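Coordinates from query19.txt are shown below (compact mmCIF, C-alpha atoms).
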```txt
# COMPACT_ATOMS: atom_id res chain seq x y z
CA MET A 1 -4.51 -11.34 10.38
CA ARG A 2 -4.59 -8.66 7.68
CA GLU A 3 -3.02 -9.63 4.35
CA ILE A 4 0.31 -8.47 2.91
CA ALA A 5 0.09 -6.41 -0.28
CA VAL A 6 3.39 -5.64 -2.02
CA PHE A 7 3.75 -3.04 -4.77
CA ALA A 8 6.89 -1.94 -6.62
CA GLY A 9 7.69 1.33 -8.30
CA SER A 10 9.71 1.70 -11.49
CA ALA A 11 13.11 1.87 -9.78
CA HIS A 12 13.86 -1.84 -9.20
CA PRO A 13 10.94 -4.19 -9.91
CA GLU A 14 13.29 -7.19 -10.24
CA LEU A 15 14.24 -6.94 -6.56
CA ALA A 16 10.58 -6.64 -5.54
CA ALA A 17 9.69 -9.71 -7.61
CA GLU A 18 12.47 -11.70 -5.93
CA MET A 19 11.26 -10.58 -2.49
CA CYS A 20 7.71 -11.66 -3.32
CA ALA A 21 8.96 -15.04 -4.50
CA GLN A 22 10.64 -15.46 -1.11
CA LEU A 23 7.48 -14.37 0.71
CA GLY A 24 5.16 -16.49 -1.42
CA VAL A 25 2.90 -13.54 -2.21
CA PRO A 26 2.09 -11.85 -5.53
CA LEU A 27 3.73 -8.61 -6.63
CA HIS A 28 0.80 -6.34 -7.41
CA PRO A 29 1.01 -4.07 -10.47
CA VAL A 30 1.36 -0.30 -10.40
CA ARG A 31 0.26 1.90 -13.28
CA VAL A 32 2.33 5.07 -13.78
CA THR A 33 1.01 7.64 -16.26
CA ARG A 34 2.79 10.78 -17.44
CA PHE A 35 0.52 13.61 -18.55
CA ALA A 36 1.25 16.15 -21.28
CA ASN A 37 2.34 18.69 -18.64
CA ASP A 38 4.97 16.18 -17.37
CA CYS A 39 3.08 15.38 -14.15
CA LEU A 40 2.87 11.79 -12.94
CA GLU A 41 -0.18 9.83 -11.85
CA VAL A 42 0.16 6.55 -9.94
CA GLN A 43 -2.52 3.91 -9.50
CA LEU A 44 -2.05 0.84 -7.27
CA GLN A 45 -3.89 -1.87 -9.19
CA ALA A 46 -4.92 -4.12 -6.31
CA ASN A 47 -7.07 -3.77 -3.21
CA CYS A 48 -5.33 -2.04 -0.27
CA ARG A 49 -8.23 -1.67 2.15
CA GLU A 50 -7.20 -2.78 5.65
CA ARG A 51 -4.11 -4.52 4.21
CA ASP A 52 -0.50 -4.34 5.36
CA VAL A 53 0.96 -2.52 2.34
CA PHE A 54 4.67 -2.61 1.46
CA LEU A 55 5.96 -0.26 -1.25
CA VAL A 56 9.36 -1.22 -2.71
CA GLN A 57 11.31 1.66 -4.22
CA PRO A 58 15.04 2.43 -3.89
CA LEU A 59 15.97 6.02 -4.67
CA VAL A 60 18.19 5.50 -7.70
CA THR A 61 18.72 7.35 -10.98
CA PRO A 62 16.59 9.20 -11.94
CA VAL A 63 16.33 9.92 -8.20
CA GLN A 64 13.82 12.78 -8.36
CA GLU A 65 11.47 10.86 -10.69
CA ASN A 66 11.58 7.80 -8.45
CA LEU A 67 11.09 9.91 -5.33
CA VAL A 68 7.93 11.59 -6.68
CA GLU A 69 6.65 8.21 -7.85
CA LEU A 70 7.20 6.83 -4.34
CA LEU A 71 5.40 9.77 -2.69
CA LEU A 72 2.44 9.28 -5.03
CA MET A 73 2.40 5.53 -4.25
CA ILE A 74 2.32 6.29 -0.52
CA ASP A 75 -0.49 8.80 -0.95
CA ALA A 76 -2.44 6.36 -3.14
CA ALA A 77 -2.16 3.62 -0.50
CA ARG A 78 -3.29 6.00 2.23
CA GLY A 79 -6.25 7.13 0.12
CA ALA A 80 -7.13 3.46 -0.48
CA SER A 81 -7.49 2.86 3.30
CA ALA A 82 -4.39 0.71 3.79
CA SER A 83 -4.11 -0.54 7.36
CA ARG A 84 -0.37 0.28 7.47
CA ILE A 85 2.06 1.58 4.85
CA THR A 86 5.70 0.50 5.00
CA VAL A 87 8.22 1.95 2.57
CA VAL A 88 10.86 -0.63 1.63
CA MET A 89 13.75 1.58 0.55
CA PRO A 90 16.87 -0.53 -0.09
CA HIS A 91 18.85 2.58 -1.08
CA TYR A 92 18.18 6.06 0.33
CA ALA A 93 20.17 8.35 -1.96
CA TYR A 94 19.52 11.49 0.09
CA ALA A 95 21.09 9.89 3.17
CA ARG A 96 24.39 11.50 2.11
CA SER A 97 22.81 14.91 2.74
CA ASP A 98 22.92 14.44 6.50
CA LYS A 99 24.59 17.60 7.83
CA LYS A 100 25.00 21.32 7.20
CA ASP A 101 28.73 21.45 6.48
CA VAL A 102 28.60 24.66 4.40
CA PRO A 103 26.29 27.69 4.81
CA ARG A 104 22.80 27.93 3.29
CA ILE A 105 22.28 24.33 2.19
CA SER A 106 19.37 22.01 2.82
CA ILE A 107 19.72 18.87 4.91
CA GLY A 108 18.07 16.80 2.21
CA GLY A 109 18.09 13.53 4.15
CA ARG A 110 15.76 15.00 6.78
CA LEU A 111 13.57 16.85 4.27
CA ILE A 112 12.88 13.74 2.17
CA ALA A 113 12.13 11.75 5.35
CA ASP A 114 9.57 14.42 6.33
CA LEU A 115 8.00 14.25 2.85
CA MET A 116 7.53 10.47 3.06
CA VAL A 117 5.93 10.71 6.49
CA ALA A 118 3.70 13.59 5.35
CA ALA A 119 2.59 11.47 2.36
CA GLY A 120 1.45 8.74 4.74
CA ALA A 121 4.36 6.34 5.38
CA GLY A 122 3.91 4.63 8.74
CA ARG A 123 7.17 2.70 8.75
CA VAL A 124 10.42 2.51 6.76
CA LEU A 125 12.60 -0.52 6.02
CA ALA A 126 16.04 0.66 4.88
CA MET A 127 19.34 -1.00 4.05
CA THR A 128 22.78 0.38 5.04
CA LEU A 129 22.08 4.08 5.47
CA HIS A 130 25.06 6.32 4.75
CA SER A 131 25.33 7.41 8.38
CA PRO A 132 23.56 6.35 11.60
CA GLN A 133 22.05 9.78 12.30
CA VAL A 134 19.83 9.50 9.20
CA HIS A 135 17.76 6.97 11.17
CA GLY A 136 16.78 9.84 13.48
CA PHE A 137 15.47 12.00 10.63
CA PHE A 138 12.31 9.88 10.51
CA SER A 139 9.43 10.46 12.93
CA VAL A 140 8.09 6.94 12.25
CA PRO A 141 9.74 3.58 13.11
CA VAL A 142 12.72 2.64 10.94
CA ASP A 143 14.08 -0.89 10.59
CA HIS A 144 17.66 -0.41 9.45
CA LEU A 145 19.18 -3.55 7.94
CA HIS A 146 22.74 -4.07 6.72
CA ALA A 147 24.29 -6.48 4.25
CA LEU A 148 27.25 -7.59 6.39
CA ARG A 149 25.84 -11.11 6.77
CA GLU A 150 25.54 -11.63 3.02
CA LEU A 151 28.96 -10.13 2.31
CA ALA A 152 30.63 -12.13 5.09
CA ASP A 153 29.07 -15.39 3.89
CA HIS A 154 30.55 -14.74 0.46
CA PHE A 155 34.09 -14.06 1.70
CA ARG A 156 34.16 -16.98 4.16
CA SER A 157 34.85 -19.28 1.21
CA LEU A 158 38.34 -17.72 0.93
CA ASP A 159 41.49 -18.36 2.94
CA LEU A 160 41.31 -15.44 5.39
CA SER A 161 44.39 -16.30 7.45
CA ASN A 162 46.31 -13.30 6.06
CA THR A 163 43.40 -10.87 5.47
CA THR A 164 42.63 -7.36 6.75
CA VAL A 165 39.36 -5.48 6.27
CA VAL A 166 39.97 -1.83 5.35
CA SER A 167 37.49 1.03 5.64
CA PRO A 168 38.11 3.93 3.23
CA ASP A 169 37.58 6.43 6.05
CA LEU A 170 37.04 6.67 9.79
CA GLY A 171 33.31 7.36 9.29
CA ASN A 172 32.78 3.83 8.01
CA ALA A 173 35.24 2.24 10.44
CA LYS A 174 32.55 1.00 12.87
CA GLU A 175 30.79 -0.97 10.12
CA ALA A 176 34.14 -2.27 8.84
CA ALA A 177 35.04 -3.39 12.37
CA ALA A 178 31.73 -5.27 12.67
CA PHE A 179 32.40 -6.91 9.31
CA ALA A 180 35.93 -7.86 10.39
CA ARG A 181 34.55 -9.46 13.58
CA ARG A 182 32.23 -11.60 11.48
CA LEU A 183 35.24 -12.82 9.50
CA GLY A 184 37.59 -13.04 12.49
CA VAL A 185 40.22 -10.77 10.90
CA PRO A 186 41.83 -7.41 11.84
CA VAL A 187 40.61 -4.03 10.60
CA ALA A 188 42.32 -0.90 9.24
CA ALA A 189 41.06 2.47 7.96
CA GLY A 190 42.09 5.23 5.60
CA ALA A 191 42.65 8.81 6.77
CA LYS A 192 40.43 10.56 4.19
CA GLN A 193 39.71 14.19 3.43
CA ARG A 194 37.04 15.10 0.85
CA TYR A 195 37.44 18.27 -1.21
CA ALA A 196 34.56 17.74 -3.67
CA ASP A 197 32.06 15.07 -4.69
CA ASP A 198 34.69 13.40 -6.92
CA ARG A 199 37.93 14.63 -5.32
CA VAL A 200 39.30 13.03 -2.16
CA SER A 201 42.68 12.54 -0.56
CA ILE A 202 43.74 9.62 1.64
CA SER A 203 46.98 10.54 3.37
CA ALA A 204 47.62 7.22 5.11
CA VAL A 205 46.18 3.83 6.02
CA ILE A 206 45.89 3.29 9.77
CA GLY A 207 46.55 -0.37 10.48
CA GLU A 208 48.68 -3.22 9.18
CA VAL A 209 48.21 -4.00 5.48
CA ALA A 210 51.76 -4.71 4.26
CA ASP A 211 51.99 -8.12 2.55
CA ARG A 212 48.37 -8.87 3.45
CA ASP A 213 45.24 -9.65 1.45
CA VAL A 214 42.81 -6.74 1.77
CA ILE A 215 39.02 -6.49 1.62
CA VAL A 216 37.96 -2.87 1.16
CA LEU A 217 34.47 -2.32 2.62
CA ASP A 218 32.34 0.76 1.87
CA ASP A 219 28.61 1.45 2.11
CA GLU A 220 28.28 2.57 -1.51
CA ILE A 221 30.43 3.14 -4.58
CA ALA A 222 29.30 5.84 -6.99
CA LYS A 223 32.09 7.48 -9.00
CA GLY A 224 34.67 5.32 -7.22
CA SER A 225 37.10 8.15 -6.50
CA THR A 226 37.51 7.16 -2.84
CA VAL A 227 38.10 3.48 -3.61
CA LEU A 228 40.63 4.27 -6.36
CA GLU A 229 42.52 6.63 -4.06
CA LEU A 230 42.54 3.96 -1.33
CA ILE A 231 43.80 1.33 -3.77
CA ASP A 232 46.76 3.58 -4.56
CA ARG A 233 47.57 3.97 -0.84
CA LEU A 234 47.20 0.22 -0.24
CA ARG A 235 49.53 -0.46 -3.16
CA ASP A 236 52.06 2.01 -1.71
CA ALA A 237 51.75 0.27 1.67
CA GLY A 238 52.55 -3.13 0.15
CA ALA A 239 49.15 -4.84 0.17
CA ARG A 240 49.32 -8.24 -1.57
CA CYS A 241 45.90 -8.37 -3.29
CA ILE A 242 42.69 -6.36 -3.00
CA ARG A 243 39.00 -7.20 -3.05
CA VAL A 244 36.39 -4.45 -2.99
CA ALA A 245 32.98 -4.85 -1.33
CA CYS A 246 30.01 -2.53 -0.88
CA THR A 247 26.27 -2.69 -0.26
CA HIS A 248 25.14 -0.21 -2.91
CA GLY A 249 26.88 -0.70 -6.26
CA LEU A 250 25.87 2.50 -8.05
CA PHE A 251 29.01 2.49 -10.26
CA SER A 252 28.35 5.78 -12.06
CA ALA A 253 30.61 7.47 -14.61
CA GLY A 254 32.52 4.28 -15.48
CA ALA A 255 33.55 3.50 -11.90
CA LEU A 256 33.17 -0.27 -12.34
CA GLU A 257 35.52 -0.31 -15.34
CA ARG A 258 38.10 1.91 -13.62
CA ILE A 259 38.16 -0.20 -10.44
CA GLY A 260 38.12 -3.46 -12.39
CA ALA A 261 41.06 -2.28 -14.50
CA GLN A 262 43.33 -2.20 -11.43
CA PRO A 263 45.57 -5.29 -11.77
CA ASP A 264 45.74 -6.01 -8.02
CA VAL A 265 41.92 -5.90 -7.62
CA LEU A 266 40.78 -9.52 -7.81
CA GLU A 267 37.06 -9.07 -7.20
CA ILE A 268 34.35 -6.44 -6.78
CA VAL A 269 31.35 -7.50 -4.69
CA CYS A 270 28.06 -5.63 -4.21
CA THR A 271 24.42 -6.43 -3.48
CA ASN A 272 21.33 -5.86 -5.58
CA THR A 273 19.87 -3.01 -3.49
CA VAL A 274 20.08 -1.04 -6.75
CA PRO A 275 20.06 -2.21 -10.36
CA VAL A 276 23.72 -2.79 -11.24
CA PRO A 277 24.32 -0.75 -14.42
CA ASP A 278 26.51 -3.19 -16.31
CA ALA A 279 28.34 -6.48 -15.97
CA HIS A 280 32.08 -6.93 -15.45
CA PRO A 281 34.15 -10.14 -15.23
CA LYS A 282 35.37 -9.15 -11.74
CA LEU A 283 31.90 -8.25 -10.45
CA THR A 284 29.86 -10.48 -8.12
CA VAL A 285 26.32 -9.37 -7.20
CA LEU A 286 24.76 -10.85 -4.05
CA SER A 287 21.01 -10.82 -3.44
CA ILE A 288 19.59 -9.14 -0.34
CA ALA A 289 16.03 -10.10 -1.35
CA PRO A 290 15.91 -12.95 1.22
CA ALA A 291 16.93 -10.57 4.04
CA LEU A 292 14.38 -7.95 2.98
CA ALA A 293 11.68 -10.63 2.65
CA GLN A 294 12.50 -11.93 6.14
CA ALA A 295 12.25 -8.41 7.53
CA VAL A 296 8.91 -7.80 5.76
CA GLN A 297 7.51 -11.03 7.18
CA ARG A 298 8.71 -10.17 10.69
CA ILE A 299 7.23 -6.66 10.47
CA HIS A 300 3.93 -8.14 9.29
CA ASP A 301 3.91 -10.75 12.08
CA GLY A 302 4.93 -8.25 14.77
CA GLU A 303 8.21 -10.03 15.45
CA SER A 304 11.67 -8.65 16.16
CA VAL A 305 13.64 -7.52 13.12
CA SER A 306 16.82 -7.06 15.15
CA ALA A 307 17.23 -10.86 15.25
CA LEU A 308 18.42 -10.58 11.64
CA PHE A 309 21.48 -8.72 12.95
CA ASP A 310 22.67 -11.57 15.16
CA VAL A 311 26.37 -12.23 14.58
CA VAL A 312 27.48 -15.81 14.06
CA PRO A 313 31.12 -16.12 15.21
CA ALA A 314 33.54 -16.76 12.40
CA PRO A 315 35.12 -20.24 12.34
CA GLY A 316 38.13 -20.37 14.62
CA SER A 317 37.40 -16.95 16.14
```
Before anything else, please render the file you have as structure tokens.
Amino acid sequence: MREIAVFAGSAHPELAAEMCAQLGVPLHPVRVTRFANDCLEVQLQANCRERDVFLVQPLVTPVQENLVELLLMIDAARGASASRITVVMPHYAYARSDKKDVPRISIGGRLIADLMVAAGAGRVLAMTLHSPQVHGFFSVPVDHLHALRELADHFRSLDLSNTTVVSPDLGNAKEAAAFARRLGVPVAAGAKQRYADDRVSISAVIGEVADRDVIVLDDEIAKGSTVLELIDRLRDAGARCIRVACTHGLFSAGALERIGAQPDVLEIVCTNTVPVPDAHPKLTVLSIAPALAQAVQRIHDGESVSALFDVVPAPGS
């Protein structure tokens, strides 16, 4: 069987190293050079010929730099006669650009998918895309993982007898319902309207949250405006205590400090799909490296990746 060769870009080498430790394979070096005219050159510093190449690169700040670096890595692997090139993209920033909701804008999620395929990507391994339709933007196979298993395992250590999972909006309600089933608890959702990137309004919470412990579940937290607005509504509705959970903890513009400063927020939980910008006493970071490593091994061996989604019933459910 052809060998696995794993390379990591500049975006999150720590995650790639942890994945390789799980896989028992080396993380091969990548040399990135910036020329005087600001152009990048990427060299994969290990043999790729007839190997199963995996390129690990989440699209995080600076997104455009990391995107171009990834495209150059893909092209370098193709030029080096890789047998297959799989992009391991734990966070796909452009997934939020998934529809044409105002005139004369680009659907960036589809465009970036086309660029990766044009560069030579033969497969994509992604984690918790912003919306399901983004999967369809790719003309190559996509293995779409989620972090519900890791998040649920963390919260099972708590007394969940009086807990409700709350989605900030109806768009994320399906994922929140799946998470609630794993924990064996009810689900609720906010009625959200977005006016700008950092301005939202949640008019009501649909579901029972009065005098209950709440776990807010979202796919990503950037500026935190949605979560802070939801916390206000939950407080108005009489929620007892609040925990916040997400897959992608971007926490830009001081979001972590603002959410952590809320007295009824007991804990903030995210995964390491992206480098977490700073520490906070209420923050818990869970590793998704084992799940990504399992998926990489299954892709390499030609086995089913969907088995990683199997739901284990919650105790007593």
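Between atom CA of Gln133 of chain A and atom CA of Val6 of chain A the separation is 28.1 Å.
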Just want the 12 Å neighbourhood of segment 179-186 of chain A, counted on all atoms listed in the file, with same-chain residues fewer than 4 positions away dropped. Output as a PDB file with C-alpha atoms, keeping the file's coordinate frame.
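File written: around.pdb
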```
ATOM      1  CA  HIS A 146      22.740  -4.070   6.720  1.00  0.00           C
ATOM      2  CA  ALA A 147      24.290  -6.480   4.250  1.00  0.00           C
ATOM      3  CA  LEU A 148      27.250  -7.590   6.390  1.00  0.00           C
ATOM      4  CA  ARG A 149      25.840 -11.110   6.770  1.00  0.00           C
ATOM      5  CA  GLU A 150      25.540 -11.630   3.020  1.00  0.00           C
ATOM      6  CA  LEU A 151      28.960 -10.130   2.310  1.00  0.00           C
ATOM      7  CA  ALA A 152      30.630 -12.130   5.090  1.00  0.00           C
ATOM      8  CA  ASP A 153      29.070 -15.390   3.890  1.00  0.00           C
ATOM      9  CA  HIS A 154      30.550 -14.740   0.460  1.00  0.00           C
ATOM     10  CA  PHE A 155      34.090 -14.060   1.700  1.00  0.00           C
ATOM     11  CA  ARG A 156      34.160 -16.980   4.160  1.00  0.00           C
ATOM     12  CA  SER A 157      34.850 -19.280   1.210  1.00  0.00           C
ATOM     13  CA  LEU A 158      38.340 -17.720   0.930  1.00  0.00           C
ATOM     14  CA  ASP A 159      41.490 -18.360   2.940  1.00  0.00           C
ATOM     15  CA  LEU A 160      41.310 -15.440   5.390  1.00  0.00           C
ATOM     16  CA  SER A 161      44.390 -16.300   7.450  1.00  0.00           C
ATOM     17  CA  ASN A 162      46.310 -13.300   6.060  1.00  0.00           C
ATOM     18  CA  THR A 163      43.400 -10.870   5.470  1.00  0.00           C
ATOM     19  CA  THR A 164      42.630  -7.360   6.750  1.00  0.00           C
ATOM     20  CA  VAL A 165      39.360  -5.480   6.270  1.00  0.00           C
ATOM     21  CA  VAL A 166      39.970  -1.830   5.350  1.00  0.00           C
ATOM     22  CA  SER A 167      37.490   1.030   5.640  1.00  0.00           C
ATOM     23  CA  ASN A 172      32.780   3.830   8.010  1.00  0.00           C
ATOM     24  CA  ALA A 173      35.240   2.240  10.440  1.00  0.00           C
ATOM     25  CA  LYS A 174      32.550   1.000  12.870  1.00  0.00           C
ATOM     26  CA  GLU A 175      30.790  -0.970  10.120  1.00  0.00           C
ATOM     27  CA  ILE A 206      45.890   3.290   9.770  1.00  0.00           C
ATOM     28  CA  GLY A 207      46.550  -0.370  10.480  1.00  0.00           C
ATOM     29  CA  GLU A 208      48.680  -3.220   9.180  1.00  0.00           C
ATOM     30  CA  VAL A 209      48.210  -4.000   5.480  1.00  0.00           C
ATOM     31  CA  ARG A 212      48.370  -8.870   3.450  1.00  0.00           C
ATOM     32  CA  ASP A 213      45.240  -9.650   1.450  1.00  0.00           C
ATOM     33  CA  VAL A 214      42.810  -6.740   1.770  1.00  0.00           C
ATOM     34  CA  ILE A 215      39.020  -6.490   1.620  1.00  0.00           C
ATOM     35  CA  VAL A 216      37.960  -2.870   1.160  1.00  0.00           C
ATOM     36  CA  LEU A 217      34.470  -2.320   2.620  1.00  0.00           C
ATOM     37  CA  ASP A 218      32.340   0.760   1.870  1.00  0.00           C
ATOM     38  CA  ASP A 219      28.610   1.450   2.110  1.00  0.00           C
ATOM     39  CA  ALA A 245      32.980  -4.850  -1.330  1.00  0.00           C
ATOM     40  CA  CYS A 246      30.010  -2.530  -0.880  1.00  0.00           C
ATOM     41  CA  PHE A 309      21.480  -8.720  12.950  1.00  0.00           C
ATOM     42  CA  ASP A 310      22.670 -11.570  15.160  1.00  0.00           C
ATOM     43  CA  VAL A 311      26.370 -12.230  14.580  1.00  0.00           C
ATOM     44  CA  VAL A 312      27.480 -15.810  14.060  1.00  0.00           C
ATOM     45  CA  PRO A 313      31.120 -16.120  15.210  1.00  0.00           C
ATOM     46  CA  ALA A 314      33.540 -16.760  12.400  1.00  0.00           C
ATOM     47  CA  PRO A 315      35.120 -20.240  12.340  1.00  0.00           C
ATOM     48  CA  GLY A 316      38.130 -20.370  14.620  1.00  0.00           C
ATOM     49  CA  SER A 317      37.400 -16.950  16.140  1.00  0.00           C
TER      50      SER A 317
END
```
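Taking only C-alpha atoms, the non-local environment of segment 99-108 of chain A within 12 Å (same-chain residues fewer than 4 positions away omitted) comprises A:Tyr92, A:Ala93, A:Tyr94, A:Ala95, A:Ile112, A:Ala113, A:Asp114, A:Leu115, A:His130, A:Ser131, A:Pro132, A:Gln133, A:Val134, A:Phe137, A:Arg194.
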As a ChimeraX atom specification, please: the residues near segment 223-240 of chain A (cut-off 9 Å, all atoms listed in the file, same-chain neighbours under 5 positions excluded). /A:168-169,190,192,194,197-205,208-214,216,218,250-256,258-259,262,264-265
Which residues of segment 19-63 of chain A have any atom within 9 Å of an atom in segment 80-91 of chain A when counting all atoms listed in the file, and what is the closest pair of atoms for each, with the distance in Å to one decimal? Order the rows by chain and rising number and write it as JSON lines.
```
{"residue": "A:Leu44", "atom": "CA", "partner": "A:Ala80", "partner_atom": "CA", "distance": 8.9}
{"residue": "A:Asn47", "atom": "CA", "partner": "A:Ala80", "partner_atom": "CA", "distance": 7.7}
{"residue": "A:Cys48", "atom": "CA", "partner": "A:Ala82", "partner_atom": "CA", "distance": 5.0}
{"residue": "A:Arg49", "atom": "CA", "partner": "A:Ser81", "partner_atom": "CA", "distance": 4.7}
{"residue": "A:Glu50", "atom": "CA", "partner": "A:Ser83", "partner_atom": "CA", "distance": 4.2}
{"residue": "A:Arg51", "atom": "CA", "partner": "A:Ser83", "partner_atom": "CA", "distance": 5.1}
{"residue": "A:Asp52", "atom": "CA", "partner": "A:Arg84", "partner_atom": "CA", "distance": 5.1}
{"residue": "A:Val53", "atom": "CA", "partner": "A:Ile85", "partner_atom": "CA", "distance": 4.9}
{"residue": "A:Phe54", "atom": "CA", "partner": "A:Thr86", "partner_atom": "CA", "distance": 4.8}
{"residue": "A:Leu55", "atom": "CA", "partner": "A:Val87", "partner_atom": "CA", "distance": 5.0}
{"residue": "A:Val56", "atom": "CA", "partner": "A:Val88", "partner_atom": "CA", "distance": 4.6}
{"residue": "A:Gln57", "atom": "CA", "partner": "A:Met89", "partner_atom": "CA", "distance": 5.4}
{"residue": "A:Pro58", "atom": "CA", "partner": "A:Met89", "partner_atom": "CA", "distance": 4.7}
{"residue": "A:Leu59", "atom": "CA", "partner": "A:His91", "partner_atom": "CA", "distance": 5.7}
{"residue": "A:Val60", "atom": "CA", "partner": "A:His91", "partner_atom": "CA", "distance": 7.3}
```
Per-residue nearest contacts segment 100-200 of chain A to segment 62-74 of chain A, cut-off 8 Å, using all atoms listed in the file, as CSV:
```
residue,atom,partner,partner_atom,distance
A:Leu115,CA,A:Leu71,CA,7.6
A:Met116,CA,A:Leu71,CA,6.2
A:Ala119,CA,A:Ile74,CA,5.9
A:Gly120,CA,A:Ile74,CA,5.9
A:Ala121,CA,A:Ile74,CA,6.2
```
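Atom CA of Leu145 of chain A is found 14.9 Å from atom CA of Met19 of chain A.
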Counting all atoms listed in the file, what is within 12 Å of Asp301 of chain A, bar same-chain residues fewer than 6 positions away, as a ChimeraX atom specification? /A:1-4,52,294-295
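Interatomic distance, atom CA of Leu292 of chain A to atom CA of Leu308 of chain A: 9.9 Å.
Closest approach to Thr273 of chain A from the set A:Val42, A:Val140, A:Met127, A:Ile242 is made by A:Met127, with distances taken over all atoms listed in the file.
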